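Structure data follow from data36.txt (compact mmCIF, N, CA and C atoms):
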```
# COMPACT_ATOMS: atom_id res chain seq x y z
N MET J 1 -43.88 -30.37 84.93
CA MET J 1 -44.41 -31.44 84.11
C MET J 1 -43.50 -31.61 82.89
N TYR J 2 -43.23 -32.85 82.56
CA TYR J 2 -42.34 -33.16 81.44
C TYR J 2 -43.14 -33.86 80.35
N GLY J 3 -42.95 -33.44 79.12
CA GLY J 3 -43.62 -34.09 77.99
C GLY J 3 -42.65 -34.34 76.87
N GLN J 4 -42.91 -35.37 76.12
CA GLN J 4 -42.06 -35.69 74.97
C GLN J 4 -42.94 -35.86 73.75
N LYS J 5 -42.54 -35.24 72.67
CA LYS J 5 -43.30 -35.33 71.43
C LYS J 5 -43.17 -36.74 70.84
N LEU J 6 -44.29 -37.33 70.49
CA LEU J 6 -44.30 -38.65 69.87
C LEU J 6 -43.90 -38.55 68.40
N PRO J 7 -43.25 -39.57 67.88
CA PRO J 7 -42.91 -39.55 66.45
C PRO J 7 -44.16 -39.47 65.59
N GLU J 8 -44.06 -38.72 64.51
CA GLU J 8 -45.21 -38.54 63.62
C GLU J 8 -45.16 -39.48 62.43
N ASP J 9 -44.18 -40.34 62.38
CA ASP J 9 -44.01 -41.21 61.23
C ASP J 9 -43.71 -42.63 61.70
N ALA J 10 -44.35 -43.59 61.08
CA ALA J 10 -44.07 -45.00 61.36
C ALA J 10 -43.36 -45.60 60.15
N TRP J 11 -42.29 -46.36 60.42
CA TRP J 11 -41.52 -47.02 59.38
C TRP J 11 -41.75 -48.52 59.48
N LEU J 12 -41.53 -49.21 58.37
CA LEU J 12 -41.61 -50.67 58.37
C LEU J 12 -40.50 -51.20 57.48
N TRP J 13 -39.69 -52.11 58.03
CA TRP J 13 -38.60 -52.75 57.28
C TRP J 13 -38.98 -54.20 57.07
N ASN J 14 -39.02 -54.64 55.82
CA ASN J 14 -39.39 -56.01 55.46
C ASN J 14 -38.20 -56.67 54.77
N THR J 15 -37.82 -57.86 55.22
CA THR J 15 -36.69 -58.57 54.62
C THR J 15 -37.05 -60.02 54.38
N ILE J 16 -36.62 -60.53 53.24
CA ILE J 16 -36.72 -61.95 52.96
C ILE J 16 -35.30 -62.42 52.60
N SER J 17 -34.91 -63.56 53.15
CA SER J 17 -33.54 -64.07 52.96
C SER J 17 -33.56 -65.51 52.51
N ILE J 18 -32.60 -65.84 51.65
CA ILE J 18 -32.36 -67.22 51.24
C ILE J 18 -30.88 -67.50 51.50
N ASN J 19 -30.60 -68.50 52.32
CA ASN J 19 -29.22 -68.85 52.65
C ASN J 19 -29.00 -70.33 52.37
N LYS J 20 -27.80 -70.64 51.90
CA LYS J 20 -27.45 -72.02 51.59
C LYS J 20 -26.06 -72.31 52.12
N GLN J 21 -25.94 -73.34 52.93
CA GLN J 21 -24.65 -73.79 53.42
C GLN J 21 -24.06 -74.71 52.35
N LEU J 22 -22.95 -74.31 51.75
CA LEU J 22 -22.33 -75.09 50.68
C LEU J 22 -21.48 -76.23 51.22
N THR J 23 -20.69 -75.91 52.23
CA THR J 23 -19.86 -76.90 52.92
C THR J 23 -19.97 -76.61 54.41
N ARG J 24 -19.20 -77.29 55.19
CA ARG J 24 -19.21 -77.05 56.63
C ARG J 24 -18.77 -75.61 56.95
N LYS J 25 -17.90 -75.04 56.12
CA LYS J 25 -17.35 -73.71 56.39
C LYS J 25 -17.89 -72.61 55.48
N TRP J 26 -18.30 -72.93 54.26
CA TRP J 26 -18.71 -71.93 53.27
C TRP J 26 -20.23 -71.86 53.14
N GLY J 27 -20.74 -70.63 53.00
CA GLY J 27 -22.17 -70.41 52.77
C GLY J 27 -22.39 -69.22 51.85
N ILE J 28 -23.56 -69.17 51.23
CA ILE J 28 -23.94 -68.05 50.38
C ILE J 28 -25.33 -67.58 50.80
N GLY J 29 -25.67 -66.34 50.45
CA GLY J 29 -26.98 -65.83 50.81
C GLY J 29 -27.40 -64.67 49.92
N VAL J 30 -28.72 -64.51 49.82
CA VAL J 30 -29.34 -63.40 49.09
C VAL J 30 -30.45 -62.85 49.98
N ASP J 31 -30.49 -61.52 50.13
CA ASP J 31 -31.55 -60.84 50.89
C ASP J 31 -32.20 -59.80 50.00
N GLU J 32 -33.50 -59.63 50.16
CA GLU J 32 -34.24 -58.52 49.55
C GLU J 32 -34.88 -57.76 50.71
N GLU J 33 -34.71 -56.44 50.71
CA GLU J 33 -35.32 -55.64 51.77
C GLU J 33 -36.07 -54.47 51.17
N LEU J 34 -37.24 -54.18 51.76
CA LEU J 34 -38.08 -53.06 51.39
C LEU J 34 -38.34 -52.25 52.65
N ARG J 35 -38.03 -50.95 52.60
CA ARG J 35 -38.25 -50.07 53.75
C ARG J 35 -39.29 -49.03 53.39
N LEU J 36 -40.34 -48.98 54.21
CA LEU J 36 -41.44 -48.05 54.00
C LEU J 36 -41.42 -46.95 55.06
N PHE J 37 -41.83 -45.75 54.69
CA PHE J 37 -41.93 -44.64 55.63
C PHE J 37 -43.23 -43.89 55.37
N ASP J 38 -43.38 -42.71 55.96
CA ASP J 38 -44.61 -41.91 55.83
C ASP J 38 -45.79 -42.76 56.28
N ASN J 39 -45.69 -43.22 57.53
CA ASN J 39 -46.68 -44.12 58.12
C ASN J 39 -46.92 -45.35 57.25
N MET J 40 -45.83 -45.86 56.74
CA MET J 40 -45.79 -47.11 55.96
C MET J 40 -46.57 -47.02 54.65
N ARG J 41 -46.64 -45.81 54.06
CA ARG J 41 -47.36 -45.63 52.81
C ARG J 41 -46.45 -45.45 51.60
N ARG J 42 -45.18 -45.07 51.84
CA ARG J 42 -44.28 -44.81 50.72
C ARG J 42 -42.97 -45.58 50.89
N VAL J 43 -42.37 -45.90 49.76
CA VAL J 43 -41.11 -46.64 49.76
C VAL J 43 -39.96 -45.67 50.01
N SER J 44 -39.17 -45.97 51.03
CA SER J 44 -37.96 -45.20 51.32
C SER J 44 -36.81 -45.71 50.46
N LEU J 45 -36.62 -47.03 50.50
CA LEU J 45 -35.61 -47.66 49.66
C LEU J 45 -35.86 -49.15 49.60
N PHE J 46 -35.26 -49.78 48.60
CA PHE J 46 -35.24 -51.23 48.54
C PHE J 46 -33.88 -51.65 48.02
N PHE J 47 -33.42 -52.80 48.51
CA PHE J 47 -32.08 -53.23 48.13
C PHE J 47 -31.97 -54.74 48.09
N THR J 48 -30.90 -55.19 47.42
CA THR J 48 -30.55 -56.60 47.31
C THR J 48 -29.15 -56.79 47.87
N ASN J 49 -28.99 -57.77 48.75
CA ASN J 49 -27.67 -58.17 49.25
C ASN J 49 -27.34 -59.53 48.65
N VAL J 50 -26.11 -59.69 48.19
CA VAL J 50 -25.61 -60.98 47.73
C VAL J 50 -24.26 -61.18 48.41
N GLY J 51 -24.11 -62.32 49.11
CA GLY J 51 -22.87 -62.47 49.85
C GLY J 51 -22.40 -63.90 50.01
N VAL J 52 -21.17 -64.01 50.47
CA VAL J 52 -20.54 -65.29 50.75
C VAL J 52 -19.96 -65.20 52.16
N SER J 53 -20.02 -66.32 52.91
CA SER J 53 -19.47 -66.33 54.26
C SER J 53 -18.56 -67.53 54.46
N TYR J 54 -17.62 -67.37 55.37
CA TYR J 54 -16.67 -68.43 55.70
C TYR J 54 -16.55 -68.52 57.21
N LYS J 55 -16.78 -69.70 57.74
CA LYS J 55 -16.70 -69.93 59.18
C LYS J 55 -15.25 -70.27 59.53
N LEU J 56 -14.59 -69.36 60.25
CA LEU J 56 -13.18 -69.54 60.61
C LEU J 56 -13.01 -70.64 61.65
N ASN J 57 -13.90 -70.66 62.64
CA ASN J 57 -13.91 -71.68 63.68
C ASN J 57 -15.29 -71.70 64.32
N LYS J 58 -15.41 -72.31 65.47
CA LYS J 58 -16.71 -72.45 66.12
C LYS J 58 -17.35 -71.09 66.45
N SER J 59 -16.53 -70.08 66.72
CA SER J 59 -17.05 -68.79 67.18
C SER J 59 -17.00 -67.67 66.15
N PHE J 60 -16.06 -67.71 65.20
CA PHE J 60 -15.86 -66.59 64.28
C PHE J 60 -16.30 -66.91 62.86
N LYS J 61 -16.94 -65.91 62.23
CA LYS J 61 -17.35 -66.03 60.83
C LYS J 61 -17.04 -64.71 60.14
N ILE J 62 -16.61 -64.77 58.89
CA ILE J 62 -16.34 -63.58 58.09
C ILE J 62 -17.22 -63.65 56.84
N SER J 63 -17.80 -62.51 56.46
CA SER J 63 -18.69 -62.45 55.30
C SER J 63 -18.31 -61.28 54.41
N LEU J 64 -18.44 -61.48 53.10
CA LEU J 64 -18.25 -60.43 52.11
C LEU J 64 -19.58 -60.27 51.38
N VAL J 65 -20.13 -59.04 51.37
CA VAL J 65 -21.47 -58.81 50.83
C VAL J 65 -21.47 -57.59 49.90
N TYR J 66 -22.15 -57.73 48.77
CA TYR J 66 -22.41 -56.62 47.85
C TYR J 66 -23.88 -56.23 48.00
N ARG J 67 -24.15 -54.92 48.13
CA ARG J 67 -25.52 -54.43 48.25
C ARG J 67 -25.80 -53.44 47.11
N PHE J 68 -26.91 -53.67 46.39
CA PHE J 68 -27.38 -52.74 45.36
C PHE J 68 -28.64 -52.07 45.89
N ILE J 69 -28.61 -50.73 46.00
CA ILE J 69 -29.66 -49.98 46.67
C ILE J 69 -30.38 -49.07 45.67
N ASN J 70 -31.70 -49.02 45.79
CA ASN J 70 -32.53 -48.05 45.08
C ASN J 70 -33.15 -47.17 46.15
N LYS J 71 -32.73 -45.90 46.22
CA LYS J 71 -33.18 -45.00 47.28
C LYS J 71 -34.10 -43.93 46.72
N ASN J 72 -35.26 -43.77 47.35
CA ASN J 72 -36.26 -42.79 46.95
C ASN J 72 -35.71 -41.38 47.17
N GLN J 73 -35.77 -40.56 46.14
CA GLN J 73 -35.31 -39.17 46.21
C GLN J 73 -36.52 -38.24 46.11
N ASP J 74 -37.16 -38.00 47.25
CA ASP J 74 -38.32 -37.10 47.35
C ASP J 74 -39.47 -37.49 46.42
N GLY J 75 -39.63 -38.76 46.16
CA GLY J 75 -40.73 -39.22 45.32
C GLY J 75 -40.56 -38.97 43.85
N GLU J 76 -39.45 -38.33 43.46
CA GLU J 76 -39.21 -38.00 42.07
C GLU J 76 -38.59 -39.14 41.28
N TYR J 77 -37.61 -39.80 41.89
CA TYR J 77 -36.89 -40.87 41.22
C TYR J 77 -36.15 -41.69 42.27
N TYR J 78 -35.57 -42.81 41.86
CA TYR J 78 -34.76 -43.65 42.74
C TYR J 78 -33.30 -43.55 42.31
N SER J 79 -32.44 -43.15 43.25
CA SER J 79 -31.02 -43.12 42.95
C SER J 79 -30.45 -44.52 43.16
N LYS J 80 -29.47 -44.86 42.39
CA LYS J 80 -28.81 -46.17 42.47
C LYS J 80 -27.55 -46.02 43.30
N ARG J 81 -27.35 -46.91 44.25
CA ARG J 81 -26.17 -46.89 45.10
C ARG J 81 -25.61 -48.29 45.23
N HIS J 82 -24.34 -48.36 45.48
CA HIS J 82 -23.65 -49.63 45.63
C HIS J 82 -22.92 -49.62 46.96
N ARG J 83 -22.85 -50.78 47.59
CA ARG J 83 -22.14 -50.88 48.85
C ARG J 83 -21.46 -52.24 48.91
N LEU J 84 -20.26 -52.24 49.39
CA LEU J 84 -19.51 -53.47 49.60
C LEU J 84 -19.09 -53.48 51.06
N TYR J 85 -19.39 -54.57 51.76
CA TYR J 85 -18.98 -54.61 53.16
C TYR J 85 -18.49 -55.98 53.56
N VAL J 86 -17.68 -55.96 54.63
CA VAL J 86 -17.15 -57.17 55.24
C VAL J 86 -17.63 -57.20 56.68
N ASP J 87 -18.23 -58.30 57.08
CA ASP J 87 -18.64 -58.49 58.47
C ASP J 87 -17.72 -59.51 59.11
N ILE J 88 -17.28 -59.21 60.31
CA ILE J 88 -16.57 -60.18 61.13
C ILE J 88 -17.46 -60.39 62.35
N ALA J 89 -17.94 -61.61 62.53
CA ALA J 89 -18.91 -61.89 63.58
C ALA J 89 -18.35 -62.89 64.58
N TYR J 90 -18.69 -62.67 65.84
CA TYR J 90 -18.31 -63.56 66.94
C TYR J 90 -19.58 -63.99 67.64
N LYS J 91 -19.72 -65.29 67.90
CA LYS J 91 -20.90 -65.82 68.56
C LYS J 91 -20.45 -66.84 69.60
N ARG J 92 -20.97 -66.70 70.81
CA ARG J 92 -20.58 -67.62 71.87
C ARG J 92 -21.72 -67.85 72.84
N LYS J 93 -21.95 -69.10 73.15
CA LYS J 93 -22.94 -69.46 74.15
C LYS J 93 -22.26 -69.33 75.51
N MET J 94 -22.78 -68.45 76.35
CA MET J 94 -22.15 -68.16 77.63
C MET J 94 -22.58 -69.16 78.72
N ILE J 95 -23.86 -69.17 78.98
CA ILE J 95 -24.43 -70.12 79.93
C ILE J 95 -25.67 -70.71 79.28
N ARG J 96 -26.36 -71.53 79.95
CA ARG J 96 -27.45 -72.33 79.39
C ARG J 96 -28.26 -71.65 78.28
N ASP J 97 -28.90 -70.54 78.55
CA ASP J 97 -29.77 -69.90 77.56
C ASP J 97 -29.30 -68.51 77.13
N LEU J 98 -28.04 -68.18 77.38
CA LEU J 98 -27.52 -66.87 77.01
C LEU J 98 -26.47 -67.01 75.92
N VAL J 99 -26.71 -66.30 74.80
CA VAL J 99 -25.79 -66.30 73.67
C VAL J 99 -25.35 -64.86 73.43
N VAL J 100 -24.05 -64.65 73.23
CA VAL J 100 -23.51 -63.32 72.95
C VAL J 100 -23.09 -63.29 71.48
N ASN J 101 -23.56 -62.27 70.76
CA ASN J 101 -23.17 -62.03 69.38
C ASN J 101 -22.51 -60.66 69.30
N TYR J 102 -21.42 -60.57 68.56
CA TYR J 102 -20.75 -59.29 68.31
C TYR J 102 -20.37 -59.26 66.84
N ARG J 103 -20.58 -58.09 66.21
CA ARG J 103 -20.23 -57.96 64.80
C ARG J 103 -19.59 -56.61 64.56
N ILE J 104 -18.55 -56.62 63.75
CA ILE J 104 -17.96 -55.37 63.27
C ILE J 104 -18.10 -55.39 61.75
N ARG J 105 -18.46 -54.25 61.20
CA ARG J 105 -18.68 -54.16 59.75
C ARG J 105 -17.75 -53.09 59.17
N LEU J 106 -17.01 -53.49 58.18
CA LEU J 106 -16.20 -52.57 57.39
C LEU J 106 -17.00 -52.30 56.12
N ASP J 107 -17.37 -51.04 55.91
CA ASP J 107 -18.38 -50.70 54.93
C ASP J 107 -17.83 -49.69 53.93
N ARG J 108 -18.01 -49.96 52.65
CA ARG J 108 -17.62 -49.03 51.59
C ARG J 108 -18.86 -48.64 50.82
N LYS J 109 -19.26 -47.36 50.93
CA LYS J 109 -20.44 -46.86 50.23
C LYS J 109 -20.00 -46.19 48.94
N SER J 110 -20.83 -46.29 47.91
CA SER J 110 -20.42 -45.68 46.66
C SER J 110 -21.60 -45.24 45.81
N THR J 111 -21.61 -43.96 45.49
CA THR J 111 -22.43 -43.45 44.39
C THR J 111 -21.48 -42.90 43.34
N ARG J 112 -20.22 -42.73 43.77
CA ARG J 112 -19.15 -42.30 42.88
C ARG J 112 -17.85 -42.88 43.42
N LEU J 113 -16.77 -42.74 42.71
CA LEU J 113 -15.52 -43.40 43.06
C LEU J 113 -14.87 -42.88 44.34
N ASN J 114 -15.05 -41.62 44.69
CA ASN J 114 -14.37 -41.07 45.85
C ASN J 114 -15.28 -40.96 47.08
N SER J 115 -16.15 -41.93 47.30
CA SER J 115 -17.09 -41.86 48.41
C SER J 115 -16.44 -42.26 49.73
N SER J 116 -17.18 -42.08 50.79
CA SER J 116 -16.65 -42.30 52.14
C SER J 116 -16.77 -43.77 52.56
N HIS J 117 -16.13 -44.09 53.67
CA HIS J 117 -16.26 -45.42 54.26
C HIS J 117 -16.46 -45.25 55.77
N THR J 118 -17.06 -46.27 56.39
CA THR J 118 -17.31 -46.22 57.83
C THR J 118 -17.05 -47.59 58.43
N VAL J 119 -16.95 -47.60 59.74
CA VAL J 119 -16.84 -48.85 60.49
C VAL J 119 -17.98 -48.85 61.49
N ILE J 120 -18.73 -49.93 61.53
CA ILE J 120 -19.87 -50.05 62.42
C ILE J 120 -19.68 -51.33 63.24
N SER J 121 -19.94 -51.25 64.53
CA SER J 121 -19.89 -52.46 65.33
C SER J 121 -21.05 -52.46 66.31
N TYR J 122 -21.49 -53.63 66.71
CA TYR J 122 -22.54 -53.74 67.70
C TYR J 122 -22.45 -55.08 68.40
N ALA J 123 -23.07 -55.14 69.56
CA ALA J 123 -23.12 -56.39 70.33
C ALA J 123 -24.58 -56.71 70.62
N VAL J 124 -24.92 -57.98 70.60
CA VAL J 124 -26.28 -58.42 70.87
C VAL J 124 -26.23 -59.54 71.90
N PHE J 125 -27.10 -59.48 72.87
CA PHE J 125 -27.23 -60.55 73.84
C PHE J 125 -28.58 -61.21 73.62
N CYS J 126 -28.60 -62.50 73.43
CA CYS J 126 -29.82 -63.23 73.11
C CYS J 126 -30.10 -64.28 74.18
N LEU J 127 -31.33 -64.38 74.56
CA LEU J 127 -31.77 -65.50 75.40
C LEU J 127 -32.48 -66.49 74.51
N LYS J 128 -31.98 -67.72 74.46
CA LYS J 128 -32.58 -68.75 73.61
C LYS J 128 -33.68 -69.46 74.38
N LYS J 129 -34.71 -69.86 73.66
CA LYS J 129 -35.78 -70.66 74.27
C LYS J 129 -35.70 -72.06 73.77
```

So, in terms of structure tokens, how does the structure I just supplied come out?
Amino acid sequence: MYGQKLPEDAWLWNTISINKQLTRKWGIGVDEELRLFDNMRRVSLFFTNVGVSYKLNKSFKISLVYRFINKNQDGEYYSKRHRLYVDIAYKRKMIRDLVVNYRIRLDRKSTRLNSSHTVISYAVFCLKK
């Protein structure tokens, strides 16, 4: 018999975004996100994203985003963190209702000047209705 332990904690991520297309190619955006943990009773972190995007062509878009993070440190206080990242996104409609999205993110995290950096990429397949 095989059994798997169920997670004991439920998380909830809430985001609100405001985006404005300035021209055919340029856009700006602001996001606020609140992440709850401990069965959605306590704040894990909250952050603000402010960014600008440029549409290179029909399929490619590049974005530069600054993120200011307040992260809960064991319920005692919130540490302040800064992040700067660049997204390069590709979007293509393959067939009638299938859209492929791919994004690579170049990410610079900072709580101090000599912090680390990472590269994150993912692909998403969407069926449109």

- [ ] Find the spatial neighbours of region 78-95 of chain J, counting only C-alpha atoms, within a cut-off of 9 Å - ignore same-chain residues fewer than 3 positions away - and output them as a ChimeraX atom specification.
- [x] /J:45,53,58-75,98-112

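You will find atom C of Tyr77 (chain J) at 24.9 Å from CA of Ser17 (chain J).
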
Task: Gap from CA of Ala10 (chain J) to CA of Asp38 (chain J) - Å, one decimal - done: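 For CA of Ala10 (chain J) relative to CA of Asp38 (chain J), the distance reads 6.4 Å.
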
TODO: Work out how far apart atom N of Glu8 (chain J) and CA of Leu34 (chain J) are and give it in Å to one decimal.
DONE: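 Answer for the atom N of Glu8 (chain J) to CA of Leu34 (chain J) separation: 20.3 Å.
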
Could you rebuild region 24-49 of chain J with N, CA, C and O atoms and give it back as a PDB file, in the coordinates of the input?
```pdb
ATOM      1  N   ARG J  24     -19.200 -77.290  55.190  1.00  0.00           N
ATOM      2  CA  ARG J  24     -19.210 -77.050  56.630  1.00  0.00           C
ATOM      3  C   ARG J  24     -18.770 -75.610  56.950  1.00  0.00           C
ATOM      4  O   ARG J  24     -19.215 -75.029  57.929  1.00  0.00           O
ATOM      5  N   LYS J  25     -17.900 -75.040  56.120  1.00  0.00           N
ATOM      6  CA  LYS J  25     -17.350 -73.710  56.390  1.00  0.00           C
ATOM      7  C   LYS J  25     -17.890 -72.610  55.480  1.00  0.00           C
ATOM      8  O   LYS J  25     -17.921 -71.446  55.869  1.00  0.00           O
ATOM      9  N   TRP J  26     -18.300 -72.930  54.260  1.00  0.00           N
ATOM     10  CA  TRP J  26     -18.710 -71.930  53.270  1.00  0.00           C
ATOM     11  C   TRP J  26     -20.230 -71.860  53.140  1.00  0.00           C
ATOM     12  O   TRP J  26     -20.911 -72.882  53.126  1.00  0.00           O
ATOM     13  N   GLY J  27     -20.740 -70.630  53.000  1.00  0.00           N
ATOM     14  CA  GLY J  27     -22.170 -70.410  52.770  1.00  0.00           C
ATOM     15  C   GLY J  27     -22.390 -69.220  51.850  1.00  0.00           C
ATOM     16  O   GLY J  27     -21.505 -68.378  51.677  1.00  0.00           O
ATOM     17  N   ILE J  28     -23.560 -69.170  51.230  1.00  0.00           N
ATOM     18  CA  ILE J  28     -23.940 -68.050  50.380  1.00  0.00           C
ATOM     19  C   ILE J  28     -25.330 -67.580  50.800  1.00  0.00           C
ATOM     20  O   ILE J  28     -26.089 -68.323  51.433  1.00  0.00           O
ATOM     21  N   GLY J  29     -25.670 -66.340  50.450  1.00  0.00           N
ATOM     22  CA  GLY J  29     -26.980 -65.830  50.810  1.00  0.00           C
ATOM     23  C   GLY J  29     -27.400 -64.670  49.920  1.00  0.00           C
ATOM     24  O   GLY J  29     -26.572 -63.968  49.343  1.00  0.00           O
ATOM     25  N   VAL J  30     -28.720 -64.510  49.820  1.00  0.00           N
ATOM     26  CA  VAL J  30     -29.340 -63.400  49.090  1.00  0.00           C
ATOM     27  C   VAL J  30     -30.450 -62.850  49.980  1.00  0.00           C
ATOM     28  O   VAL J  30     -31.229 -63.610  50.543  1.00  0.00           O
ATOM     29  N   ASP J  31     -30.490 -61.520  50.130  1.00  0.00           N
ATOM     30  CA  ASP J  31     -31.550 -60.840  50.890  1.00  0.00           C
ATOM     31  C   ASP J  31     -32.200 -59.800  50.000  1.00  0.00           C
ATOM     32  O   ASP J  31     -31.515 -59.136  49.213  1.00  0.00           O
ATOM     33  N   GLU J  32     -33.500 -59.630  50.160  1.00  0.00           N
ATOM     34  CA  GLU J  32     -34.240 -58.520  49.550  1.00  0.00           C
ATOM     35  C   GLU J  32     -34.880 -57.760  50.710  1.00  0.00           C
ATOM     36  O   GLU J  32     -35.485 -58.361  51.587  1.00  0.00           O
ATOM     37  N   GLU J  33     -34.710 -56.440  50.710  1.00  0.00           N
ATOM     38  CA  GLU J  33     -35.320 -55.640  51.770  1.00  0.00           C
ATOM     39  C   GLU J  33     -36.070 -54.470  51.170  1.00  0.00           C
ATOM     40  O   GLU J  33     -35.611 -53.827  50.230  1.00  0.00           O
ATOM     41  N   LEU J  34     -37.240 -54.180  51.760  1.00  0.00           N
ATOM     42  CA  LEU J  34     -38.080 -53.060  51.390  1.00  0.00           C
ATOM     43  C   LEU J  34     -38.340 -52.250  52.650  1.00  0.00           C
ATOM     44  O   LEU J  34     -38.797 -52.799  53.653  1.00  0.00           O
ATOM     45  N   ARG J  35     -38.030 -50.950  52.600  1.00  0.00           N
ATOM     46  CA  ARG J  35     -38.250 -50.070  53.750  1.00  0.00           C
ATOM     47  C   ARG J  35     -39.290 -49.030  53.390  1.00  0.00           C
ATOM     48  O   ARG J  35     -39.138 -48.296  52.420  1.00  0.00           O
ATOM     49  N   LEU J  36     -40.340 -48.980  54.210  1.00  0.00           N
ATOM     50  CA  LEU J  36     -41.440 -48.050  54.000  1.00  0.00           C
ATOM     51  C   LEU J  36     -41.420 -46.950  55.060  1.00  0.00           C
ATOM     52  O   LEU J  36     -41.021 -47.203  56.199  1.00  0.00           O
ATOM     53  N   PHE J  37     -41.830 -45.750  54.690  1.00  0.00           N
ATOM     54  CA  PHE J  37     -41.930 -44.640  55.630  1.00  0.00           C
ATOM     55  C   PHE J  37     -43.230 -43.890  55.370  1.00  0.00           C
ATOM     56  O   PHE J  37     -44.088 -44.380  54.645  1.00  0.00           O
ATOM     57  N   ASP J  38     -43.380 -42.710  55.960  1.00  0.00           N
ATOM     58  CA  ASP J  38     -44.610 -41.910  55.830  1.00  0.00           C
ATOM     59  C   ASP J  38     -45.790 -42.760  56.280  1.00  0.00           C
ATOM     60  O   ASP J  38     -46.753 -42.961  55.548  1.00  0.00           O
ATOM     61  N   ASN J  39     -45.690 -43.220  57.530  1.00  0.00           N
ATOM     62  CA  ASN J  39     -46.680 -44.120  58.120  1.00  0.00           C
ATOM     63  C   ASN J  39     -46.920 -45.350  57.250  1.00  0.00           C
ATOM     64  O   ASN J  39     -48.049 -45.791  57.043  1.00  0.00           O
ATOM     65  N   MET J  40     -45.830 -45.860  56.740  1.00  0.00           N
ATOM     66  CA  MET J  40     -45.790 -47.110  55.960  1.00  0.00           C
ATOM     67  C   MET J  40     -46.570 -47.020  54.650  1.00  0.00           C
ATOM     68  O   MET J  40     -47.060 -47.994  54.131  1.00  0.00           O
ATOM     69  N   ARG J  41     -46.640 -45.810  54.060  1.00  0.00           N
ATOM     70  CA  ARG J  41     -47.360 -45.630  52.810  1.00  0.00           C
ATOM     71  C   ARG J  41     -46.450 -45.450  51.600  1.00  0.00           C
ATOM     72  O   ARG J  41     -46.891 -45.615  50.476  1.00  0.00           O
ATOM     73  N   ARG J  42     -45.180 -45.070  51.840  1.00  0.00           N
ATOM     74  CA  ARG J  42     -44.280 -44.810  50.720  1.00  0.00           C
ATOM     75  C   ARG J  42     -42.970 -45.580  50.890  1.00  0.00           C
ATOM     76  O   ARG J  42     -42.526 -45.836  51.992  1.00  0.00           O
ATOM     77  N   VAL J  43     -42.370 -45.900  49.760  1.00  0.00           N
ATOM     78  CA  VAL J  43     -41.110 -46.640  49.760  1.00  0.00           C
ATOM     79  C   VAL J  43     -39.960 -45.670  50.010  1.00  0.00           C
ATOM     80  O   VAL J  43     -39.816 -44.674  49.303  1.00  0.00           O
ATOM     81  N   SER J  44     -39.170 -45.970  51.030  1.00  0.00           N
ATOM     82  CA  SER J  44     -37.960 -45.200  51.320  1.00  0.00           C
ATOM     83  C   SER J  44     -36.810 -45.710  50.460  1.00  0.00           C
ATOM     84  O   SER J  44     -36.128 -44.932  49.805  1.00  0.00           O
ATOM     85  N   LEU J  45     -36.620 -47.030  50.500  1.00  0.00           N
ATOM     86  CA  LEU J  45     -35.610 -47.660  49.660  1.00  0.00           C
ATOM     87  C   LEU J  45     -35.860 -49.150  49.600  1.00  0.00           C
ATOM     88  O   LEU J  45     -36.599 -49.706  50.388  1.00  0.00           O
ATOM     89  N   PHE J  46     -35.260 -49.780  48.600  1.00  0.00           N
ATOM     90  CA  PHE J  46     -35.240 -51.230  48.540  1.00  0.00           C
ATOM     91  C   PHE J  46     -33.880 -51.650  48.020  1.00  0.00           C
ATOM     92  O   PHE J  46     -33.231 -50.920  47.283  1.00  0.00           O
ATOM     93  N   PHE J  47     -33.420 -52.800  48.510  1.00  0.00           N
ATOM     94  CA  PHE J  47     -32.080 -53.230  48.130  1.00  0.00           C
ATOM     95  C   PHE J  47     -31.970 -54.740  48.090  1.00  0.00           C
ATOM     96  O   PHE J  47     -32.795 -55.474  48.638  1.00  0.00           O
ATOM     97  N   THR J  48     -30.900 -55.190  47.420  1.00  0.00           N
ATOM     98  CA  THR J  48     -30.550 -56.600  47.310  1.00  0.00           C
ATOM     99  C   THR J  48     -29.150 -56.790  47.870  1.00  0.00           C
ATOM    100  O   THR J  48     -28.240 -56.041  47.522  1.00  0.00           O
ATOM    101  N   ASN J  49     -28.990 -57.770  48.750  1.00  0.00           N
ATOM    102  CA  ASN J  49     -27.670 -58.170  49.250  1.00  0.00           C
ATOM    103  C   ASN J  49     -27.340 -59.530  48.650  1.00  0.00           C
ATOM    104  O   ASN J  49     -28.182 -60.430  48.632  1.00  0.00           O
TER     105      ASN J  49
END
```
